[in-house]
>>> print(open('upload_11.cif').read())   # mmCIF, C-alpha atoms and all ligand atoms
data_run
#
loop_
_atom_site.label_atom_id
_atom_site.label_comp_id
_atom_site.auth_asym_id
_atom_site.auth_seq_id
_atom_site.Cartn_x
_atom_site.Cartn_y
_atom_site.Cartn_z
CA MET A 1 99.06 90.32 37.33
CA ASN A 2 102.52 91.75 36.94
CA THR A 3 102.25 95.07 38.67
CA ARG A 4 105.94 95.79 38.90
CA ILE A 5 107.88 97.06 35.94
CA THR A 6 111.05 95.26 35.08
CA LEU A 7 114.01 97.48 34.53
CA SER A 8 117.63 96.99 33.91
CA TYR A 9 119.25 99.86 35.63
CA THR A 10 122.60 101.45 35.50
CA LEU A 11 124.14 102.71 38.65
CA PRO A 12 127.24 104.74 39.18
CA PRO A 13 130.16 102.29 39.45
CA PRO A 14 129.84 100.39 42.72
CA PRO A 15 132.66 99.84 45.12
CA PRO A 16 134.48 96.48 44.66
CA ASP A 17 132.79 93.33 45.98
CA SER A 18 129.29 94.60 45.62
CA ASN A 19 126.74 92.52 43.81
CA ILE A 20 124.29 94.64 41.95
CA MET A 21 121.34 92.86 40.51
CA ASN A 22 120.58 93.67 36.95
CA THR A 23 116.86 93.55 36.93
CA SER A 24 114.12 94.45 39.25
CA ASP A 25 110.40 94.16 38.90
CA CYS A 26 108.05 97.01 38.61
CA LYS A 27 104.62 96.19 39.97
CA ASP A 28 101.02 96.93 38.72
CA SER A 29 98.44 97.67 41.24
CA ALA A 30 95.24 101.86 41.53
CA SER A 31 94.52 107.95 42.76
CA LYS A 32 92.75 110.55 43.93
CA SER A 33 94.64 113.29 42.22
CA ASN A 34 93.70 114.84 38.97
CA ASP A 35 95.62 113.92 35.84
CA ASP A 36 96.72 117.52 35.53
CA ASP A 37 98.30 117.61 38.97
CA VAL A 38 101.70 116.49 37.85
CA CYS A 39 101.79 118.40 34.58
CA ASP A 40 103.00 121.67 36.03
CA VAL A 41 106.08 121.73 33.87
CA ASN A 42 104.09 121.13 30.71
CA ASN A 43 101.50 123.72 31.65
CA MET A 44 104.22 126.19 32.35
CA LEU A 45 105.69 125.59 28.94
CA LYS A 46 102.31 125.90 27.30
CA ASN A 47 101.60 129.17 29.03
CA MET A 48 104.83 130.76 27.92
CA SER A 49 103.30 132.60 25.04
CA THR A 50 104.61 135.85 23.66
CA ASP A 51 103.72 139.13 25.22
CA ASP A 52 101.27 140.94 22.97
CA ASN A 53 100.79 144.03 25.08
CA HIS A 54 103.45 146.15 23.45
CA VAL A 55 102.28 149.30 21.71
CA SER A 56 102.47 148.66 18.01
CA ILE A 57 104.91 151.40 17.09
CA CYS A 58 107.54 150.72 14.48
CA ALA A 59 110.91 150.47 16.16
CA ASN A 60 112.52 151.98 13.07
CA CYS A 61 110.34 154.87 11.91
CA GLY A 62 108.01 155.36 14.89
CA LYS A 63 104.76 155.01 12.93
CA GLU A 64 101.82 153.36 14.66
CA GLY A 65 100.18 150.12 13.54
CA ALA A 66 103.37 148.13 13.20
CA LYS A 67 102.61 144.42 12.71
CA ASN A 68 105.87 142.88 11.49
CA ILE A 69 107.44 141.37 14.60
CA CYS A 70 111.12 140.57 15.21
CA ASN A 71 111.18 136.80 14.92
CA LYS A 72 114.11 136.42 17.26
CA CYS A 73 113.16 138.36 20.39
CA LYS A 74 109.48 138.83 19.58
CA GLN A 75 109.67 142.11 21.50
CA VAL A 76 109.76 144.79 18.80
CA LYS A 77 107.55 145.45 15.79
CA TYR A 78 108.01 147.13 12.41
CA CYS A 79 105.78 148.52 9.68
CA ASN A 80 107.23 146.11 7.17
CA ALA A 81 110.24 144.06 6.10
CA VAL A 82 111.99 147.21 4.85
CA CYS A 83 111.88 148.94 8.29
CA LYS A 84 112.96 145.69 9.86
CA LYS A 85 115.98 145.42 7.62
CA VAL A 86 117.01 149.05 8.12
CA HIS A 87 116.81 148.66 11.89
CA LYS A 88 118.55 145.30 12.00
CA LYS A 89 122.01 146.45 12.92
CA LYS A 90 120.81 148.96 15.50
CA HIS A 91 118.51 146.39 17.10
CA LYS A 92 121.04 143.55 17.25
CA LYS A 93 122.39 144.16 20.75
CA GLN A 94 118.98 144.89 22.24
CA CYS A 95 117.58 141.82 20.49
CA GLU A 96 120.21 139.59 22.06
CA GLU A 97 119.51 141.05 25.47
CA HIS A 98 115.77 140.45 25.05
CA GLN A 99 116.48 136.85 24.11
CA ARG A 100 118.80 136.34 27.06
CA LEU A 101 116.20 137.69 29.51
CA ALA A 102 113.45 135.59 27.99
CA ALA A 103 115.56 132.44 28.31
CA GLU A 104 116.38 133.33 31.90
CA LYS A 105 112.72 133.85 32.71
CA HIS A 106 111.80 130.63 31.02
CA ASN A 107 114.41 128.62 32.95
CA GLU A 108 113.35 130.17 36.22
CA GLU A 109 109.73 129.28 35.54
CA LEU A 110 110.71 125.72 34.70
CA ARG A 111 112.76 125.48 37.87
CA ILE A 112 109.84 126.69 39.99
CA ALA A 113 107.44 124.30 38.25
CA ALA A 114 109.81 121.37 38.83
CA GLU A 115 110.16 122.37 42.47
CA LEU A 116 106.39 122.51 42.96
CA HIS A 117 106.03 119.20 41.22
CA ASP A 118 108.59 117.55 43.52
CA GLU A 119 106.99 119.08 46.58
CA LYS A 120 103.74 117.39 45.63
CA LEU A 121 105.43 114.15 44.62
CA PHE A 122 107.53 113.65 47.73
CA LYS A 123 104.92 114.77 50.23
CA GLU A 124 103.97 111.93 52.53
CA PRO A 125 100.77 110.57 51.01
CA PRO A 126 97.63 109.58 52.91
CA SER A 127 97.45 105.95 54.03
CA GLN A 128 95.74 104.34 51.08
CA TYR A 129 93.41 101.97 52.88
CA GLY A 130 92.80 103.66 56.24
CA ASP A 131 91.56 101.59 59.19
CA CYS A 132 89.54 98.40 59.23
CA PRO A 133 85.89 99.47 59.75
CA ILE A 134 85.37 96.69 62.30
CA CYS A 135 88.44 96.57 64.56
CA PHE A 136 89.68 100.12 63.77
CA VAL A 137 93.28 98.96 63.42
CA ARG A 138 95.15 100.25 60.38
CA LEU A 139 94.61 98.04 57.33
CA PRO A 140 97.69 96.23 56.05
CA THR A 141 99.17 97.31 52.72
CA PHE A 142 99.95 93.72 51.81
CA ASP A 143 97.06 92.35 49.71
CA ASN A 144 96.48 89.21 51.77
CA GLY A 145 95.87 91.30 54.86
CA ARG A 146 92.57 92.70 53.67
CA SER A 147 89.52 91.66 51.76
CA TYR A 148 87.10 93.67 49.64
CA LYS A 149 83.43 92.86 50.24
CA SER A 150 81.33 93.24 47.15
CA CYS A 151 78.14 93.25 49.31
CA CYS A 152 78.82 96.58 51.07
CA GLY A 153 82.01 97.70 49.36
CA LYS A 154 83.95 97.68 52.65
CA VAL A 155 87.55 96.58 52.94
CA ILE A 156 87.91 94.37 56.01
CA CYS A 157 91.12 93.16 57.65
CA SER A 158 92.16 89.50 57.56
CA GLY A 159 91.71 89.26 61.34
CA CYS A 160 88.07 90.36 61.18
CA VAL A 161 87.39 88.14 58.17
CA TYR A 162 88.78 85.15 60.06
CA ALA A 163 87.44 85.86 63.56
CA PRO A 164 84.66 83.58 64.76
CA VAL A 165 81.27 85.07 65.52
CA TYR A 166 79.43 84.25 68.76
CA ASP A 167 75.76 84.44 69.69
CA ASN A 168 74.39 85.93 72.95
CA GLN A 169 75.12 82.68 74.80
CA GLY A 170 78.73 82.73 73.70
CA ASN A 171 78.33 79.89 71.20
CA GLU A 172 80.18 80.12 67.93
CA VAL A 173 77.70 80.62 65.10
CA ASP A 174 77.91 80.02 61.40
CA ASN A 175 80.09 82.77 60.06
CA ASP A 176 79.28 82.53 56.42
CA LYS A 177 78.38 86.19 56.32
CA CYS A 178 80.08 89.51 55.61
CA PRO A 179 81.60 90.55 58.97
CA PHE A 180 80.49 94.12 58.29
CA CYS A 181 76.99 94.04 56.80
CA ARG A 182 76.07 90.42 57.59
CA THR A 183 75.07 89.67 54.00
CA PRO A 184 75.58 85.93 53.34
CA THR A 185 78.79 85.15 51.44
CA PRO A 186 78.07 84.60 47.73
CA LYS A 187 77.54 80.90 47.03
CA THR A 188 78.90 80.97 43.49
CA ASN A 189 81.49 82.96 41.59
CA GLY A 190 78.65 84.19 39.39
CA GLU A 191 76.83 85.61 42.39
CA GLY A 192 79.99 87.41 43.56
CA LEU A 193 80.51 88.79 40.09
CA GLU A 194 76.95 90.10 39.91
CA ARG A 195 77.53 91.94 43.20
CA ASN A 196 80.72 93.40 41.82
CA LYS A 197 78.85 94.61 38.72
CA THR A 198 76.15 96.18 40.88
CA ARG A 199 78.79 98.01 42.87
CA MET A 200 80.45 99.13 39.67
CA GLU A 201 77.16 100.67 38.56
CA ALA A 202 77.10 102.48 41.92
CA ASN A 203 80.53 103.96 41.04
CA ASP A 204 82.47 101.96 43.62
CA PRO A 205 86.10 102.45 42.48
CA ILE A 206 87.35 99.11 43.82
CA ALA A 207 84.61 97.23 41.94
CA ILE A 208 85.48 99.17 38.78
CA TYR A 209 89.16 98.43 39.27
CA ASN A 210 88.43 94.72 39.77
CA ILE A 211 86.40 94.49 36.58
CA GLY A 212 89.22 96.32 34.79
CA ASN A 213 91.51 93.53 35.98
CA TYR A 214 89.10 90.88 34.68
CA TYR A 215 89.18 92.55 31.25
CA MET A 216 92.94 92.65 31.34
CA LYS A 217 93.21 88.96 32.12
CA GLY A 218 90.19 87.86 30.11
CA LYS A 219 88.77 86.20 33.24
CA HIS A 220 85.34 85.49 34.76
CA GLY A 221 83.58 85.56 31.44
CA PHE A 222 85.08 88.90 30.34
CA PRO A 223 86.87 88.97 26.99
CA GLN A 224 90.51 90.03 27.13
CA ASP A 225 90.34 93.71 26.25
CA TYR A 226 93.24 95.92 27.33
CA SER A 227 91.62 99.14 26.12
CA LYS A 228 88.51 98.45 28.16
CA ALA A 229 90.70 97.63 31.16
CA ILE A 230 92.54 100.96 30.86
CA GLU A 231 89.23 102.83 30.44
CA LEU A 232 87.91 101.29 33.67
CA TRP A 233 91.14 101.95 35.56
CA GLN A 234 90.97 105.60 34.45
CA ARG A 235 87.46 105.76 35.89
CA ALA A 236 88.47 104.05 39.14
CA GLY A 237 91.50 106.33 39.46
CA LYS A 238 89.38 109.46 39.08
CA LEU A 239 87.01 108.10 41.72
CA GLY A 240 89.89 107.85 44.18
CA TYR A 241 91.50 104.44 43.81
CA PRO A 242 95.19 105.13 43.06
CA LYS A 243 96.06 101.48 42.47
CA SER A 244 94.31 101.85 39.09
CA TYR A 245 96.81 104.47 37.95
CA ASN A 246 99.68 102.14 38.72
CA ASN A 247 98.16 99.56 36.39
CA ILE A 248 97.85 102.18 33.65
CA GLY A 249 101.49 103.11 34.26
CA CYS A 250 102.51 99.49 33.80
CA SER A 251 100.48 99.32 30.59
CA TYR A 252 102.46 102.26 29.17
CA GLU A 253 105.68 100.81 30.52
CA CYS A 254 105.32 97.50 28.74
CA GLY A 255 102.98 98.41 25.86
CA ARG A 256 99.94 96.50 27.06
CA GLY A 257 96.98 97.79 25.05
CA VAL A 258 98.84 101.04 24.30
CA GLU A 259 102.12 102.00 22.65
CA VAL A 260 105.10 101.96 25.00
CA GLU A 261 105.45 105.50 26.35
CA LYS A 262 107.85 105.84 29.26
CA LYS A 263 106.86 109.43 29.98
CA LYS A 264 103.21 108.51 30.33
CA ALA A 265 104.13 105.48 32.43
CA ILE A 266 105.92 107.78 34.87
CA HIS A 267 103.02 110.23 34.83
CA TYR A 268 100.63 107.50 35.95
CA PHE A 269 103.06 106.06 38.49
CA GLU A 270 103.29 109.56 39.95
CA LEU A 271 99.51 109.99 40.09
CA ALA A 272 99.25 106.66 41.87
CA ALA A 273 102.12 107.38 44.26
CA ILE A 274 100.74 110.82 45.19
CA GLY A 275 97.46 109.06 46.01
CA GLY A 276 99.30 106.68 48.35
CA GLU A 277 99.85 103.61 46.18
CA VAL A 278 103.08 102.05 47.45
CA ILE A 279 103.79 99.79 44.51
CA ALA A 280 103.78 102.80 42.19
CA ARG A 281 106.20 104.41 44.63
CA TYR A 282 108.45 101.35 44.34
CA ASN A 283 108.20 101.54 40.54
CA LEU A 284 109.23 105.21 40.63
CA GLY A 285 112.16 104.23 42.83
CA LEU A 286 113.28 101.81 40.14
CA VAL A 287 112.91 104.41 37.42
CA GLU A 288 115.06 106.90 39.35
CA GLN A 289 117.59 104.20 40.21
CA GLU A 290 117.90 103.32 36.55
CA ARG A 291 118.56 106.97 35.77
CA GLY A 292 121.28 106.99 38.41
CA ASN A 293 119.28 109.38 40.64
CA ILE A 294 119.93 107.44 43.80
CA ASP A 295 118.80 110.24 46.11
CA ARG A 296 115.40 110.39 44.44
CA ALA A 297 115.15 106.59 44.35
CA LEU A 298 115.86 106.46 48.07
CA LYS A 299 113.19 109.08 48.76
CA HIS A 300 110.60 107.01 46.92
CA TYR A 301 111.63 103.75 48.55
CA THR A 302 111.58 105.31 52.00
CA ILE A 303 108.05 106.69 51.53
CA ALA A 304 106.95 103.23 50.33
CA VAL A 305 108.56 101.53 53.34
CA ARG A 306 106.72 103.90 55.67
CA ASP A 307 103.55 102.40 54.24
CA GLY A 308 104.74 98.84 54.57
CA GLU A 309 106.18 98.10 51.11
CA SER A 310 108.74 95.48 52.02
CA ASP A 311 110.36 95.17 48.56
CA SER A 312 111.35 98.82 48.84
CA LEU A 313 113.02 98.01 52.15
CA GLU A 314 114.92 95.28 50.35
CA MET A 315 116.00 97.79 47.66
CA ILE A 316 117.33 100.18 50.31
CA LYS A 317 119.18 97.29 51.92
CA ARG A 318 120.82 96.46 48.59
CA LEU A 319 121.71 100.07 47.92
CA TYR A 320 123.27 100.18 51.35
CA SER A 321 125.26 96.98 50.86
CA ASN A 322 126.44 98.25 47.47
CA GLY A 323 127.64 101.47 48.98
CA HIS A 324 124.99 103.62 47.32
CA ALA A 325 123.04 104.37 50.48
CA SER A 326 124.29 105.27 53.92
CA LYS A 327 123.87 103.25 57.07
CA GLU A 328 121.58 106.01 58.28
CA ASP A 329 119.33 105.63 55.21
CA TYR A 330 118.96 101.94 55.94
CA THR A 331 118.45 102.45 59.67
CA ILE A 332 115.71 105.01 59.01
CA ALA A 333 114.05 102.60 56.59
CA LEU A 334 114.13 99.79 59.15
CA GLN A 335 112.62 102.09 61.77
CA CYS A 336 109.87 103.16 59.36
CA TYR A 337 109.02 99.57 58.64
CA GLN A 338 108.93 98.68 62.34
CA ALA A 339 106.62 101.64 62.99
CA TYR A 340 104.33 100.44 60.22
CA LEU A 341 104.28 96.89 61.64
CA GLY A 342 103.41 98.34 65.04
CA GLU A 343 100.42 100.11 63.49
CA ILE A 344 98.99 97.11 61.68
CA LYS A 345 99.68 94.36 64.22
CA SER A 346 96.75 92.76 66.00
CA ASP A 347 96.21 89.49 67.87
CA GLN A 348 93.26 88.65 65.67
CA ARG A 349 95.32 89.11 62.51
CA ASP A 350 98.14 87.03 63.97
CA LYS A 351 95.67 84.26 64.77
CA ALA A 352 94.33 84.35 61.25
CA ALA A 353 97.84 84.23 59.78
CA ALA A 354 98.82 81.33 62.03
CA ALA A 355 95.75 79.38 60.92
CA ASP A 356 96.10 80.04 57.21
CA GLU A 357 98.97 81.34 55.08
CA GLU A 358 96.33 83.08 52.98
CA TYR A 359 95.89 85.54 55.86
CA ARG A 360 99.56 86.44 56.16
CA TYR A 361 99.42 90.20 56.41
CA TYR A 362 103.05 91.44 56.23
ZN ZN B 1 108.54 151.66 10.10
ZN ZN B 2 114.70 141.30 18.14
ZN ZN B 3 89.64 94.36 61.38
ZN ZN B 4 79.25 93.44 53.47
#
>>> encode(input="upload_11.cif", output="structure tokens")
Amino acid sequence: MNTRITLSYTLPPPPPDSNIMNTSDCKDSASKSNDDDVCDVNNMLKNMSTDDNHVSICANCGKEGAKNICNKCKQVKYCNAVCKKVHKKKHKKQCEEHQRLAAEKHNEELRIAAELHDEKLFKEPPSQYGDCPICFVRLPTFDNGRSYKSCCGKVICSGCVYAPVYDNQGNEVDNDKCPFCRTPTPKTNGEGLERNKTRMEANDPIAIYNIGNYYMKGKHGFPQDYSKAIELWQRAGKLGYPKSYNNIGCSYECGRGVEVEKKKAIHYFELAAIGGEVIARYNLGLVEQERGNIDRALKHYTIAVRDGESDSLEMIKRLYSNGHASKEDYTIALQCYQAYLGEIKSDQRDKAAAADEEYRYY
């Protein structure tokens, strides 16, 4: 599935001799956060209603019970249109001042909302997958490095999936079982699918996400149904699987089952990224890069690299070679990636990767 959006982006003019690529891919992938989390600005706007607590005294004649409000500043009231008209000239200056203050207040509230939003967005997210429940080493971000078990719903690292199992005498035994719960591996695709459905009924977000993917592709006996896919991804996202939100973002980005809506695409990429989904973070980096907001793009890429997203490292490298990022930016990114590799490396995983490309984990 294409989980990366494709964007043609415009950068500030590069220094001579740089080779900027014109397209990049935005990836699909699945968040813990509530949909409303990133809507601070909108909420702020919504809440900016007029102040109704003023005493209803006519600003012209002083009588109580004035209901006719000044449409411009919405701060003074009149008995009727006649009083309003009489007072117009006198009120003009005050009216302008009221409007100026209201605009100032409004802008300040927007600024604060945007600041809060960014604070949430650029906060280092939790590691999305945590540690392998068997070897306790951090799970790789790269898909091949881990495997979801539809028997117990655990996500196991490639090393533990591959590792041989020994009996009490030290003899290697048949390892056709889940390394975590020892349930025999499903013998048919149908059996695996049934397990996935059972886990979906138990509200397992990864199972729900997987079945959403089957609907999107029209695979494993599921009809192709984008709306159903989005519905399931919404459910999986609310249950704490941020990858789902990235897929919804991609759907809005490219109009898959929904009308193209860039704003909504970004909203879902943000939900996913806040929940720790690195591909959404990469996608947001692309969006900001396209807008020419290189600083914001770099922030997103760097957070993604910290969690092992190697394409983001590549983007920082290109920005650096094009003169849009500093040597320090690139050095920090390389260090972040090395630190990540240090956290996920294990002999068992290396053995698995050496034996089978399918187990390559970074
Ligand atoms: Zn009046
Ligand atoms: Zn007024
Ligand atoms: Zn493991
Ligand atoms: Zn299991």
>>> residues_near_ligand(input="upload_11.cif", ligand="ligand ZN 3 (chain B)", cutoff="6 Å", atoms="all atoms listed in the file", output="ChimeraX atom specification")
/A:132,134-135,156-157,159-160
>>> closest_atom_pairs(input="upload_11.cif", of="chain A", to="ligand ZN 2 (chain B)", cutoff="12 Å", atoms="all atoms listed in the file", output="tab-separated table")
residue	atom	partner	partner_atom	distance
A:Ala59	CA	B:ZN2	ZN	10.1
A:Asn68	CA	B:ZN2	ZN	11.2
A:Ile69	CA	B:ZN2	ZN	8.1
A:Cys70	CA	B:ZN2	ZN	4.7
A:Asn71	CA	B:ZN2	ZN	6.6
A:Lys72	CA	B:ZN2	ZN	5.0
A:Cys73	CA	B:ZN2	ZN	4.0
A:Lys74	CA	B:ZN2	ZN	6.0
A:Gln75	CA	B:ZN2	ZN	6.1
A:Val76	CA	B:ZN2	ZN	6.1
A:Lys77	CA	B:ZN2	ZN	8.6
A:Tyr78	CA	B:ZN2	ZN	10.6
A:Lys84	CA	B:ZN2	ZN	9.5
A:Lys85	CA	B:ZN2	ZN	11.4
A:His87	CA	B:ZN2	ZN	9.9
A:Lys88	CA	B:ZN2	ZN	8.3
A:Lys89	CA	B:ZN2	ZN	10.4
A:Lys90	CA	B:ZN2	ZN	10.1
A:His91	CA	B:ZN2	ZN	6.4
A:Lys92	CA	B:ZN2	ZN	6.8
A:Lys93	CA	B:ZN2	ZN	8.6
A:Gln94	CA	B:ZN2	ZN	6.9
A:Cys95	CA	B:ZN2	ZN	3.8
A:Glu96	CA	B:ZN2	ZN	7.0
A:Glu97	CA	B:ZN2	ZN	8.8
A:His98	CA	B:ZN2	ZN	7.0
A:Gln99	CA	B:ZN2	ZN	7.7
A:Arg100	CA	B:ZN2	ZN	11.0
A:Ala102	CA	B:ZN2	ZN	11.5
>>> residues_near_ligand(input="upload_11.cif", ligand="ligand ZN 4 (chain B)", cutoff="8 Å", atoms="only C-alpha atoms and all ligand atoms", output="NGL selection string")
:A and (149-154 or 177-183)
>>> write_last_selection(input="upload_11.cif", atoms="C-alpha atoms", output="tab-separated table (two decimals), in the coordinates of the input")
chain	number	residue	atom	x	y	z
A	149	LYS	CA	83.43	92.86	50.24
A	150	SER	CA	81.33	93.24	47.15
A	151	CYS	CA	78.14	93.25	49.31
A	152	CYS	CA	78.82	96.58	51.07
A	153	GLY	CA	82.01	97.70	49.36
A	154	LYS	CA	83.95	97.68	52.65
A	177	LYS	CA	78.38	86.19	56.32
A	178	CYS	CA	80.08	89.51	55.61
A	179	PRO	CA	81.60	90.55	58.97
A	180	PHE	CA	80.49	94.12	58.29
A	181	CYS	CA	76.99	94.04	56.80
A	182	ARG	CA	76.07	90.42	57.59
A	183	THR	CA	75.07	89.67	54.00
>>> residues_near_ligand(input="upload_11.cif", ligand="ligand ZN 1 (chain B)", cutoff="10 Å", atoms="all atoms listed in the file", output="list of chain:residue names")
A:Ile57, A:Cys58, A:Ala59, A:Asn60, A:Cys61, A:Gly62, A:Lys63, A:Glu64, A:Gly65, A:Ala66, A:Lys67, A:Asn68, A:Lys77, A:Tyr78, A:Cys79, A:Asn80, A:Ala81, A:Val82, A:Cys83, A:Lys84, A:Val86, A:His87
>>> closest_residue(input="upload_11.cif", among="A:Leu193, A:Tyr245, A:Ser158, A:Glu119", to="Arg138 of chain A", atoms="all atoms listed in the file")
A:Ser158
>>> residues_around(input="upload_11.cif", residues="segment 335-338 of chain A", least_positions_apart="3", cutoff="12 Å", atoms="all atoms listed in the file", output="PyMOL selection string")
chain A and resi 141+301-314+316+328-332+341-345+362
>>> write_last_selection(input="upload_11.cif", atoms="C-alpha atoms", output="mmCIF file, in the coordinates of the input")
data_model
loop_
_atom_site.group_PDB
_atom_site.id
_atom_site.type_symbol
_atom_site.label_atom_id
_atom_site.label_comp_id
_atom_site.auth_asym_id
_atom_site.auth_seq_id
_atom_site.Cartn_x
_atom_site.Cartn_y
_atom_site.Cartn_z
ATOM 1 C CA THR A 141 99.170 97.310 52.720
ATOM 2 C CA TYR A 301 111.630 103.750 48.550
ATOM 3 C CA THR A 302 111.580 105.310 52.000
ATOM 4 C CA ILE A 303 108.050 106.690 51.530
ATOM 5 C CA ALA A 304 106.950 103.230 50.330
ATOM 6 C CA VAL A 305 108.560 101.530 53.340
ATOM 7 C CA ARG A 306 106.720 103.900 55.670
ATOM 8 C CA ASP A 307 103.550 102.400 54.240
ATOM 9 C CA GLY A 308 104.740 98.840 54.570
ATOM 10 C CA GLU A 309 106.180 98.100 51.110
ATOM 11 C CA SER A 310 108.740 95.480 52.020
ATOM 12 C CA ASP A 311 110.360 95.170 48.560
ATOM 13 C CA SER A 312 111.350 98.820 48.840
ATOM 14 C CA LEU A 313 113.020 98.010 52.150
ATOM 15 C CA GLU A 314 114.920 95.280 50.350
ATOM 16 C CA ILE A 316 117.330 100.180 50.310
ATOM 17 C CA GLU A 328 121.580 106.010 58.280
ATOM 18 C CA ASP A 329 119.330 105.630 55.210
ATOM 19 C CA TYR A 330 118.960 101.940 55.940
ATOM 20 C CA THR A 331 118.450 102.450 59.670
ATOM 21 C CA ILE A 332 115.710 105.010 59.010
ATOM 22 C CA LEU A 341 104.280 96.890 61.640
ATOM 23 C CA GLY A 342 103.410 98.340 65.040
ATOM 24 C CA GLU A 343 100.420 100.110 63.490
ATOM 25 C CA ILE A 344 98.990 97.110 61.680
ATOM 26 C CA LYS A 345 99.680 94.360 64.220
ATOM 27 C CA TYR A 362 103.050 91.440 56.230
#
>>> residues_around(input="upload_11.cif", residues="Ala352 of chain A", least_positions_apart="4", cutoff="8 Å", atoms="only C-alpha atoms", output="number ranges by chain")
A: 158-159, 162-163, 348, 356, 359-360
>>> write_last_selection(input="upload_11.cif", atoms="C-alpha atoms", output="mmCIF file, in the coordinates of the input")
data_model
loop_
_atom_site.group_PDB
_atom_site.id
_atom_site.type_symbol
_atom_site.label_atom_id
_atom_site.label_comp_id
_atom_site.auth_asym_id
_atom_site.auth_seq_id
_atom_site.Cartn_x
_atom_site.Cartn_y
_atom_site.Cartn_z
ATOM 1 C CA SER A 158 92.160 89.500 57.560
ATOM 2 C CA GLY A 159 91.710 89.260 61.340
ATOM 3 C CA TYR A 162 88.780 85.150 60.060
ATOM 4 C CA ALA A 163 87.440 85.860 63.560
ATOM 5 C CA GLN A 348 93.260 88.650 65.670
ATOM 6 C CA ASP A 356 96.100 80.040 57.210
ATOM 7 C CA TYR A 359 95.890 85.540 55.860
ATOM 8 C CA ARG A 360 99.560 86.440 56.160
#
>>> residues_around(input="upload_11.cif", residues="segment 206-208 of chain A", least_positions_apart="5", cutoff="12 Å", atoms="all atoms listed in the file", output="short mmCIF file (atom, residue, chain, number, x, y, z; two decimals) with C-alpha atoms, in the coordinates of the input")
data_model
loop_
_atom_site.label_atom_id
_atom_site.label_comp_id
_atom_site.auth_asym_id
_atom_site.auth_seq_id
_atom_site.Cartn_x
_atom_site.Cartn_y
_atom_site.Cartn_z
CA SER A 29 98.44 97.67 41.24
CA ALA A 30 95.24 101.86 41.53
CA SER A 31 94.52 107.95 42.76
CA TYR A 129 93.41 101.97 52.88
CA SER A 147 89.52 91.66 51.76
CA TYR A 148 87.10 93.67 49.64
CA LYS A 149 83.43 92.86 50.24
CA SER A 150 81.33 93.24 47.15
CA CYS A 151 78.14 93.25 49.31
CA CYS A 152 78.82 96.58 51.07
CA GLY A 153 82.01 97.70 49.36
CA LYS A 154 83.95 97.68 52.65
CA VAL A 155 87.55 96.58 52.94
CA GLY A 192 79.99 87.41 43.56
CA LEU A 193 80.51 88.79 40.09
CA GLU A 194 76.95 90.10 39.91
CA ARG A 195 77.53 91.94 43.20
CA ASN A 196 80.72 93.40 41.82
CA LYS A 197 78.85 94.61 38.72
CA THR A 198 76.15 96.18 40.88
CA ARG A 199 78.79 98.01 42.87
CA MET A 200 80.45 99.13 39.67
CA GLU A 201 77.16 100.67 38.56
CA ASN A 213 91.51 93.53 35.98
CA TYR A 214 89.10 90.88 34.68
CA TYR A 215 89.18 92.55 31.25
CA LYS A 228 88.51 98.45 28.16
CA ALA A 229 90.70 97.63 31.16
CA ILE A 230 92.54 100.96 30.86
CA GLU A 231 89.23 102.83 30.44
CA LEU A 232 87.91 101.29 33.67
CA TRP A 233 91.14 101.95 35.56
CA GLN A 234 90.97 105.60 34.45
CA ARG A 235 87.46 105.76 35.89
CA ALA A 236 88.47 104.05 39.14
CA GLY A 237 91.50 106.33 39.46
CA LYS A 238 89.38 109.46 39.08
CA LEU A 239 87.01 108.10 41.72
CA GLY A 240 89.89 107.85 44.18
CA TYR A 241 91.50 104.44 43.81
CA PRO A 242 95.19 105.13 43.06
CA LYS A 243 96.06 101.48 42.47
CA SER A 244 94.31 101.85 39.09
#
>>> residues_around(input="upload_11.cif", residues="Val260 of chain A", least_positions_apart="5", cutoff="12 Å", atoms="all atoms listed in the file", output="number ranges by chain")
A: 248-255, 265-266
>>> closest_residue(input="upload_11.cif", among="A:Arg296, A:Asn210, A:Glu270, A:Leu284", to="His117 of chain A", atoms="only C-alpha atoms")
A:Glu270
>>> atom_distance(input="upload_11.cif", atom1="atom CA of Tyr340 of chain A", atom2="atom CA of Phe136 of chain A")
15.1 Å
>>> closest_residue(input="upload_11.cif", among="A:Asn246, A:Phe122, A:Glu259, A:Asp347", to="Ala297 of chain A", atoms="all atoms listed in the file")
A:Phe122
>>> decode(input="upload_11.cif", residues="segment 161-172 of chain A", atoms="C-alpha atoms", output="tab-separated table (two decimals), in the first residue's frame")
chain	number	residue	atom	x	y	z
A	161	VAL	CA	10.35	-15.12	15.47
A	162	TYR	CA	13.41	-16.67	13.84
A	163	ALA	CA	15.21	-18.05	16.90
A	164	PRO	CA	15.20	-21.83	17.25
A	165	VAL	CA	13.49	-23.38	20.25
A	166	TYR	CA	15.22	-26.07	22.33
A	167	ASP	CA	13.83	-28.74	24.64
A	168	ASN	CA	15.22	-29.56	28.13
A	169	GLN	CA	17.95	-31.72	26.59
A	170	GLY	CA	19.10	-28.89	24.36
A	171	ASN	CA	17.67	-30.40	21.18
A	172	GLU	CA	16.09	-28.09	18.66
